[in-house]
$ cat coords31.pdb   # PDB, N, CA and C atoms
ATOM      1  N   MET Q   1       7.616  15.656  10.716
ATOM      2  CA  MET Q   1       8.877  15.036  10.347
ATOM      3  C   MET Q   1       9.158  13.763  11.148
ATOM      4  N   PRO Q   2       8.843  13.716  12.440
ATOM      5  CA  PRO Q   2       9.118  12.496  13.203
ATOM      6  C   PRO Q   2       8.428  11.258  12.631
ATOM      7  N   GLN Q   3       7.250  11.437  12.002
ATOM      8  CA  GLN Q   3       6.544  10.288  11.442
ATOM      9  C   GLN Q   3       7.354   9.648  10.315
ATOM     10  N   PHE Q   4       8.090  10.465   9.550
ATOM     11  CA  PHE Q   4       8.912   9.913   8.479
ATOM     12  C   PHE Q   4      10.095   9.131   9.046
ATOM     13  N   LEU Q   5      10.620   9.602  10.158
ATOM     14  CA  LEU Q   5      11.715   8.880  10.800
ATOM     15  C   LEU Q   5      11.241   7.535  11.329
ATOM     16  N   LEU Q   6      10.034   7.494  11.864
ATOM     17  CA  LEU Q   6       9.477   6.225  12.341
ATOM     18  C   LEU Q   6       9.296   5.242  11.187
ATOM     19  N   ILE Q   7       8.801   5.733  10.069
ATOM     20  CA  ILE Q   7       8.640   4.875   8.888
ATOM     21  C   ILE Q   7      10.003   4.379   8.425
ATOM     22  N   ALA Q   8      10.982   5.280   8.367
ATOM     23  CA  ALA Q   8      12.329   4.899   7.932
ATOM     24  C   ALA Q   8      12.930   3.845   8.860
ATOM     25  N   GLU Q   9      12.731   3.991  10.151
ATOM     26  CA  GLU Q   9      13.247   3.006  11.108
ATOM     27  C   GLU Q   9      12.586   1.648  10.914
ATOM     28  N   ARG Q  10      11.276   1.636  10.674
ATOM     29  CA  ARG Q  10      10.576   0.370  10.449
ATOM     30  C   ARG Q  10      11.035  -0.283   9.146
ATOM     31  N   VAL Q  11      11.252   0.526   8.111
ATOM     32  CA  VAL Q  11      11.735  -0.006   6.832
ATOM     33  C   VAL Q  11      13.110  -0.640   7.028
ATOM     34  N   TYR Q  12      14.006   0.066   7.706
ATOM     35  CA  TYR Q  12      15.352  -0.460   7.940
ATOM     36  C   TYR Q  12      15.303  -1.748   8.759
ATOM     37  N   LYS Q  13      14.456  -1.771   9.784
ATOM     38  CA  LYS Q  13      14.337  -2.964  10.629
ATOM     39  C   LYS Q  13      13.861  -4.163   9.808
ATOM     40  N   LYS Q  14      12.885  -3.951   8.929
ATOM     41  CA  LYS Q  14      12.403  -5.048   8.083
ATOM     42  C   LYS Q  14      13.489  -5.517   7.124
ATOM     43  N   PHE Q  15      14.267  -4.579   6.597
ATOM     44  CA  PHE Q  15      15.375  -4.956   5.721
ATOM     45  C   PHE Q  15      16.344  -5.868   6.460
ATOM     46  N   GLU Q  16      16.670  -5.510   7.690
ATOM     47  CA  GLU Q  16      17.582  -6.334   8.487
ATOM     48  C   GLU Q  16      16.974  -7.692   8.804
ATOM     49  N   GLU Q  17      15.728  -7.707   9.265
ATOM     50  CA  GLU Q  17      15.075  -8.959   9.660
ATOM     51  C   GLU Q  17      14.932  -9.923   8.485
ATOM     52  N   GLN Q  18      14.582  -9.389   7.329
ATOM     53  CA  GLN Q  18      14.351 -10.231   6.155
ATOM     54  C   GLN Q  18      15.610 -10.404   5.304
ATOM     55  N   LYS Q  19      16.713  -9.834   5.775
ATOM     56  CA  LYS Q  19      18.005  -9.925   5.076
ATOM     57  C   LYS Q  19      17.863  -9.529   3.604
ATOM     58  N   LEU Q  20      17.321  -8.333   3.383
ATOM     59  CA  LEU Q  20      17.069  -7.849   2.028
ATOM     60  C   LEU Q  20      18.211  -7.014   1.467
ATOM     61  N   PHE Q  21      19.225  -6.749   2.269
ATOM     62  CA  PHE Q  21      20.363  -5.999   1.751
ATOM     63  C   PHE Q  21      21.036  -6.837   0.679
ATOM     64  N   SER Q  22      21.334  -6.208  -0.443
ATOM     65  CA  SER Q  22      21.822  -6.954  -1.595
ATOM     66  C   SER Q  22      22.924  -6.179  -2.301
ATOM     67  N   GLU Q  23      23.811  -6.907  -2.955
ATOM     68  CA  GLU Q  23      24.845  -6.284  -3.775
ATOM     69  C   GLU Q  23      24.262  -5.783  -5.092
ATOM     70  N   ASP Q  24      23.162  -6.377  -5.511
ATOM     71  CA  ASP Q  24      22.491  -5.981  -6.749
ATOM     72  C   ASP Q  24      21.662  -4.726  -6.468
ATOM     73  N   MET Q  25      22.114  -3.594  -6.985
ATOM     74  CA  MET Q  25      21.477  -2.320  -6.674
ATOM     75  C   MET Q  25      20.015  -2.279  -7.114
ATOM     76  N   ILE Q  26      19.698  -2.834  -8.261
ATOM     77  CA  ILE Q  26      18.322  -2.807  -8.755
ATOM     78  C   ILE Q  26      17.418  -3.632  -7.846
ATOM     79  N   GLU Q  27      17.873  -4.801  -7.467
ATOM     80  CA  GLU Q  27      17.107  -5.645  -6.540
ATOM     81  C   GLU Q  27      16.911  -4.929  -5.202
ATOM     82  N   HIS Q  28      17.964  -4.294  -4.744
ATOM     83  CA  HIS Q  28      17.931  -3.562  -3.475
ATOM     84  C   HIS Q  28      16.905  -2.424  -3.533
ATOM     85  N   LEU Q  29      16.912  -1.651  -4.602
ATOM     86  CA  LEU Q  29      15.980  -0.534  -4.744
ATOM     87  C   LEU Q  29      14.539  -1.012  -4.867
ATOM     88  N   ASN Q  30      14.323  -2.088  -5.612
ATOM     89  CA  ASN Q  30      12.969  -2.644  -5.737
ATOM     90  C   ASN Q  30      12.455  -3.139  -4.385
ATOM     91  N   SER Q  31      13.319  -3.773  -3.619
ATOM     92  CA  SER Q  31      12.932  -4.227  -2.276
ATOM     93  C   SER Q  31      12.601  -3.040  -1.380
ATOM     94  N   LEU Q  32      13.387  -2.000  -1.496
ATOM     95  CA  LEU Q  32      13.161  -0.798  -0.698
ATOM     96  C   LEU Q  32      11.785  -0.199  -0.989
ATOM     97  N   VAL Q  33      11.441  -0.066  -2.257
ATOM     98  CA  VAL Q  33      10.138   0.495  -2.624
ATOM     99  C   VAL Q  33       9.009  -0.412  -2.138
ATOM    100  N   SER Q  34       9.191  -1.715  -2.234
ATOM    101  CA  SER Q  34       8.162  -2.657  -1.770
ATOM    102  C   SER Q  34       7.900  -2.509  -0.275
ATOM    103  N   ILE Q  35       8.961  -2.413   0.499
ATOM    104  CA  ILE Q  35       8.815  -2.269   1.949
ATOM    105  C   ILE Q  35       8.190  -0.916   2.288
ATOM    106  N   ILE Q  36       8.603   0.129   1.590
ATOM    107  CA  ILE Q  36       8.011   1.448   1.835
ATOM    108  C   ILE Q  36       6.517   1.412   1.537
ATOM    109  N   ARG Q  37       6.133   0.759   0.441
ATOM    110  CA  ARG Q  37       4.705   0.636   0.098
ATOM    111  C   ARG Q  37       3.924  -0.025   1.236
ATOM    112  N   LEU Q  38       4.488  -1.084   1.784
ATOM    113  CA  LEU Q  38       3.815  -1.776   2.891
ATOM    114  C   LEU Q  38       3.692  -0.881   4.120
ATOM    115  N   GLU Q  39       4.730  -0.122   4.389
ATOM    116  CA  GLU Q  39       4.737   0.721   5.588
ATOM    117  C   GLU Q  39       3.792   1.911   5.480
ATOM    118  N   ILE Q  40       3.587   2.448   4.284
ATOM    119  CA  ILE Q  40       2.708   3.618   4.158
ATOM    120  C   ILE Q  40       1.269   3.233   3.815
ATOM    121  N   LYS Q  41       1.042   1.932   3.633
ATOM    122  CA  LYS Q  41      -0.318   1.472   3.384
ATOM    123  C   LYS Q  41      -1.177   1.857   4.587
ATOM    124  N   ASP Q  42      -2.393   2.261   4.343
ATOM    125  CA  ASP Q  42      -3.335   2.689   5.389
ATOM    126  C   ASP Q  42      -2.903   3.973   6.098
ATOM    127  N   THR Q  43      -2.066   4.769   5.440
ATOM    128  CA  THR Q  43      -1.724   6.098   5.953
ATOM    129  C   THR Q  43      -2.120   7.109   4.882
ATOM    130  N   SER Q  44      -1.935   8.364   5.181
ATOM    131  CA  SER Q  44      -2.249   9.405   4.196
ATOM    132  C   SER Q  44      -1.107   9.614   3.203
ATOM    133  N   TYR Q  45       0.004   8.927   3.399
ATOM    134  CA  TYR Q  45       1.166   9.100   2.528
ATOM    135  C   TYR Q  45       1.034   8.254   1.272
ATOM    136  N   LYS Q  46       1.534   8.805   0.177
ATOM    137  CA  LYS Q  46       1.503   8.102  -1.104
ATOM    138  C   LYS Q  46       2.851   8.259  -1.791
ATOM    139  N   LEU Q  47       3.206   7.283  -2.608
ATOM    140  CA  LEU Q  47       4.396   7.414  -3.432
ATOM    141  C   LEU Q  47       4.042   8.246  -4.658
ATOM    142  N   LYS Q  48       4.989   9.007  -5.134
ATOM    143  CA  LYS Q  48       4.740   9.874  -6.281
ATOM    144  C   LYS Q  48       4.527   9.060  -7.554
ATOM    145  N   TYR Q  49       5.235   7.944  -7.689
ATOM    146  CA  TYR Q  49       5.145   7.102  -8.881
ATOM    147  C   TYR Q  49       4.706   5.697  -8.489
ATOM    148  N   ASN Q  50       3.858   5.093  -9.304
ATOM    149  CA  ASN Q  50       3.430   3.716  -9.067
ATOM    150  C   ASN Q  50       4.507   2.721  -9.464
ATOM    151  N   PHE Q  51       5.305   3.078 -10.455
ATOM    152  CA  PHE Q  51       6.348   2.173 -10.944
ATOM    153  C   PHE Q  51       7.589   2.983 -11.268
ATOM    154  N   ILE Q  52       8.730   2.480 -10.854
ATOM    155  CA  ILE Q  52      10.009   3.106 -11.180
ATOM    156  C   ILE Q  52      10.891   2.039 -11.797
ATOM    157  N   ASP Q  53      11.321   2.281 -13.013
ATOM    158  CA  ASP Q  53      12.224   1.358 -13.697
ATOM    159  C   ASP Q  53      13.655   1.737 -13.310
ATOM    160  N   PHE Q  54      14.150   1.124 -12.242
ATOM    161  CA  PHE Q  54      15.474   1.476 -11.737
ATOM    162  C   PHE Q  54      16.573   1.116 -12.724
ATOM    163  N   GLU Q  55      16.361   0.069 -13.492
ATOM    164  CA  GLU Q  55      17.370  -0.305 -14.486
ATOM    165  C   GLU Q  55      17.539   0.820 -15.501
ATOM    166  N   GLU Q  56      16.428   1.388 -15.940
ATOM    167  CA  GLU Q  56      16.478   2.515 -16.868
ATOM    168  C   GLU Q  56      17.190   3.699 -16.216
ATOM    169  N   CYS Q  57      16.836   3.990 -14.980
ATOM    170  CA  CYS Q  57      17.410   5.142 -14.281
ATOM    171  C   CYS Q  57      18.915   5.002 -14.052
ATOM    172  N   LEU Q  58      19.378   3.783 -13.904
ATOM    173  CA  LEU Q  58      20.803   3.563 -13.652
ATOM    174  C   LEU Q  58      21.621   3.457 -14.932
ATOM    175  N   ASN Q  59      20.983   3.120 -16.044
ATOM    176  CA  ASN Q  59      21.723   2.857 -17.276
ATOM    177  C   ASN Q  59      21.587   3.926 -18.346
ATOM    178  N   LYS Q  60      20.655   4.836 -18.200
ATOM    179  CA  LYS Q  60      20.455   5.885 -19.196
ATOM    180  C   LYS Q  60      20.749   7.243 -18.576
ATOM    181  N   PRO Q  61      21.077   8.219 -19.426
ATOM    182  CA  PRO Q  61      21.225   9.582 -18.902
ATOM    183  C   PRO Q  61      19.895  10.066 -18.315
ATOM    184  N   ALA Q  62      19.962  10.906 -17.318
ATOM    185  CA  ALA Q  62      18.759  11.373 -16.619
ATOM    186  C   ALA Q  62      17.750  12.013 -17.563
ATOM    187  N   LYS Q  63      18.225  12.679 -18.593
ATOM    188  CA  LYS Q  63      17.319  13.352 -19.535
ATOM    189  C   LYS Q  63      16.443  12.366 -20.291
ATOM    190  N   GLU Q  64      16.902  11.134 -20.449
ATOM    191  CA  GLU Q  64      16.165  10.127 -21.214
ATOM    192  C   GLU Q  64      15.234   9.277 -20.352
ATOM    193  N   CYS Q  65      15.299   9.423 -19.058
ATOM    194  CA  CYS Q  65      14.497   8.593 -18.151
ATOM    195  C   CYS Q  65      13.120   9.199 -17.924
ATOM    196  N   SER Q  66      12.137   8.330 -17.804
ATOM    197  CA  SER Q  66      10.774   8.805 -17.560
ATOM    198  C   SER Q  66      10.605   9.317 -16.128
ATOM    199  N   VAL Q  67      11.373   8.780 -15.194
ATOM    200  CA  VAL Q  67      11.350   9.219 -13.793
ATOM    201  C   VAL Q  67      12.729   9.770 -13.466
ATOM    202  N   LYS Q  68      12.765  10.972 -12.946
ATOM    203  CA  LYS Q  68      14.041  11.606 -12.594
ATOM    204  C   LYS Q  68      14.379  11.269 -11.143
ATOM    205  N   LEU Q  69      15.503  10.601 -10.949
ATOM    206  CA  LEU Q  69      15.939  10.219  -9.607
ATOM    207  C   LEU Q  69      17.316  10.788  -9.313
ATOM    208  N   ASP Q  70      17.507  11.202  -8.089
ATOM    209  CA  ASP Q  70      18.832  11.589  -7.625
ATOM    210  C   ASP Q  70      19.288  10.481  -6.686
ATOM    211  N   ILE Q  71      20.125   9.598  -7.167
ATOM    212  CA  ILE Q  71      20.594   8.479  -6.345
ATOM    213  C   ILE Q  71      22.071   8.635  -6.012
ATOM    214  N   SER Q  72      22.469   9.903  -5.866
ATOM    215  CA  SER Q  72      23.871  10.178  -5.552
ATOM    216  C   SER Q  72      24.202   9.816  -4.127
TER     217      SER Q  72
END
$ encode --input "coords31.pdb" --output "structure tokens"
Amino acid sequence: MPQFLLIAERVYKKFEEQKLFSEDMIEHLNSLVSIIRLEIKDTSYKLKYNFIDFEECLNKPAKECSVKLDIS
């Protein structure tokens, strides 16, 4: 579990340094996934999905989305 906290801290630090925090939720989520991808590169960790259409997930009912997300 501590390894995930280290990754999360590095992701947050990069967000702050690169000023990636955004009012646009879709842009923010895409940036988050991009940074996570960079941080887990060359580790044994993998993302479950290669692509997540956040616009679809935010605008359609969960039953109609190809990827089920809990963004509560």
$ axis_aligned_box --input "coords31.pdb" --around "region 8-20 of chain Q" --padding-each-side "8 Å" --output "AutoDock Vina command-line options"
--center_x 14.4 --center_y -2.6 --center_z 6.3 --size_x 23.6 --size_y 31.7 --size_z 25.6
$ atom_distance --input "coords31.pdb" --atom1 "atom C of Thr43 (chain Q)" --atom2 "atom C of Glu27 (chain Q)"
24.7 Å
$ atom_distance --input "coords31.pdb" --atom1 "atom C of Phe21 (chain Q)" --atom2 "atom N of Cys65 (chain Q)"
26.2 Å
$ resolve_selection --input "coords31.pdb" --expression "the PyMOL selection byres (((chain Q and resi 36 and name CA) around 12) and name CA)" --output "CSV table (one decimal) with N, CA and C atoms, keeping the file's coordinate frame"
chain,number,residue,atom,x,y,z
Q,4,PHE,N,8.1,10.5,9.6
Q,4,PHE,CA,8.9,9.9,8.5
Q,4,PHE,C,10.1,9.1,9.0
Q,6,LEU,N,10.0,7.5,11.9
Q,6,LEU,CA,9.5,6.2,12.3
Q,6,LEU,C,9.3,5.2,11.2
Q,7,ILE,N,8.8,5.7,10.1
Q,7,ILE,CA,8.6,4.9,8.9
Q,7,ILE,C,10.0,4.4,8.4
Q,8,ALA,N,11.0,5.3,8.4
Q,8,ALA,CA,12.3,4.9,7.9
Q,8,ALA,C,12.9,3.8,8.9
Q,9,GLU,N,12.7,4.0,10.2
Q,9,GLU,CA,13.2,3.0,11.1
Q,9,GLU,C,12.6,1.6,10.9
Q,10,ARG,N,11.3,1.6,10.7
Q,10,ARG,CA,10.6,0.4,10.4
Q,10,ARG,C,11.0,-0.3,9.1
Q,11,VAL,N,11.3,0.5,8.1
Q,11,VAL,CA,11.7,0.0,6.8
Q,11,VAL,C,13.1,-0.6,7.0
Q,12,TYR,N,14.0,0.1,7.7
Q,12,TYR,CA,15.4,-0.5,7.9
Q,12,TYR,C,15.3,-1.7,8.8
Q,13,LYS,N,14.5,-1.8,9.8
Q,13,LYS,CA,14.3,-3.0,10.6
Q,13,LYS,C,13.9,-4.2,9.8
Q,14,LYS,N,12.9,-4.0,8.9
Q,14,LYS,CA,12.4,-5.0,8.1
Q,14,LYS,C,13.5,-5.5,7.1
Q,15,PHE,N,14.3,-4.6,6.6
Q,15,PHE,CA,15.4,-5.0,5.7
Q,15,PHE,C,16.3,-5.9,6.5
Q,29,LEU,N,16.9,-1.7,-4.6
Q,29,LEU,CA,16.0,-0.5,-4.7
Q,29,LEU,C,14.5,-1.0,-4.9
Q,30,ASN,N,14.3,-2.1,-5.6
Q,30,ASN,CA,13.0,-2.6,-5.7
Q,30,ASN,C,12.5,-3.1,-4.4
Q,31,SER,N,13.3,-3.8,-3.6
Q,31,SER,CA,12.9,-4.2,-2.3
Q,31,SER,C,12.6,-3.0,-1.4
Q,32,LEU,N,13.4,-2.0,-1.5
Q,32,LEU,CA,13.2,-0.8,-0.7
Q,32,LEU,C,11.8,-0.2,-1.0
Q,33,VAL,N,11.4,-0.1,-2.3
Q,33,VAL,CA,10.1,0.5,-2.6
Q,33,VAL,C,9.0,-0.4,-2.1
Q,34,SER,N,9.2,-1.7,-2.2
Q,34,SER,CA,8.2,-2.7,-1.8
Q,34,SER,C,7.9,-2.5,-0.3
Q,35,ILE,N,9.0,-2.4,0.5
Q,35,ILE,CA,8.8,-2.3,1.9
Q,35,ILE,C,8.2,-0.9,2.3
Q,37,ARG,N,6.1,0.8,0.4
Q,37,ARG,CA,4.7,0.6,0.1
Q,37,ARG,C,3.9,0.0,1.2
Q,38,LEU,N,4.5,-1.1,1.8
Q,38,LEU,CA,3.8,-1.8,2.9
Q,38,LEU,C,3.7,-0.9,4.1
Q,39,GLU,N,4.7,-0.1,4.4
Q,39,GLU,CA,4.7,0.7,5.6
Q,39,GLU,C,3.8,1.9,5.5
Q,40,ILE,N,3.6,2.4,4.3
Q,40,ILE,CA,2.7,3.6,4.2
Q,40,ILE,C,1.3,3.2,3.8
Q,41,LYS,N,1.0,1.9,3.6
Q,41,LYS,CA,-0.3,1.5,3.4
Q,41,LYS,C,-1.2,1.9,4.6
Q,42,ASP,N,-2.4,2.3,4.3
Q,42,ASP,CA,-3.3,2.7,5.4
Q,42,ASP,C,-2.9,4.0,6.1
Q,43,THR,N,-2.1,4.8,5.4
Q,43,THR,CA,-1.7,6.1,6.0
Q,43,THR,C,-2.1,7.1,4.9
Q,45,TYR,N,0.0,8.9,3.4
Q,45,TYR,CA,1.2,9.1,2.5
Q,45,TYR,C,1.0,8.3,1.3
Q,46,LYS,N,1.5,8.8,0.2
Q,46,LYS,CA,1.5,8.1,-1.1
Q,46,LYS,C,2.9,8.3,-1.8
Q,47,LEU,N,3.2,7.3,-2.6
Q,47,LEU,CA,4.4,7.4,-3.4
Q,47,LEU,C,4.0,8.2,-4.7
$ closest_residue --input "coords31.pdb" --among "Q:Ala62, Q:Leu69, Q:Met25, Q:Leu5" --to "Tyr49 (chain Q)" --atoms "only C-alpha atoms"
Q:Leu69
$ residues_around --input "coords31.pdb" --residues "Glu55 (chain Q)" --least-positions-apart "4" --cutoff "6 Å" --atoms "all atoms listed in the file" --output "list of chain:residue names"
Q:Ile26, Q:Asn59, Q:Lys60
$ residues_around --input "coords31.pdb" --residues "Ser66 (chain Q)" --least-positions-apart "4" --cutoff "8 Å" --atoms "only N, CA and C atoms" --output "number ranges by chain"
Q: 52-53, 56-57, 61-62
$ atom_distance --input "coords31.pdb" --atom1 "CA of Val67 (chain Q)" --atom2 "atom N of Phe51 (chain Q)"
9.2 Å
$ select_by_dssp --input "coords31.pdb" --residues "chain Q" --states "alpha helix (DSSP H)" --output "NGL selection string"
:Q and (2-17 or 25-40 or 54-59)
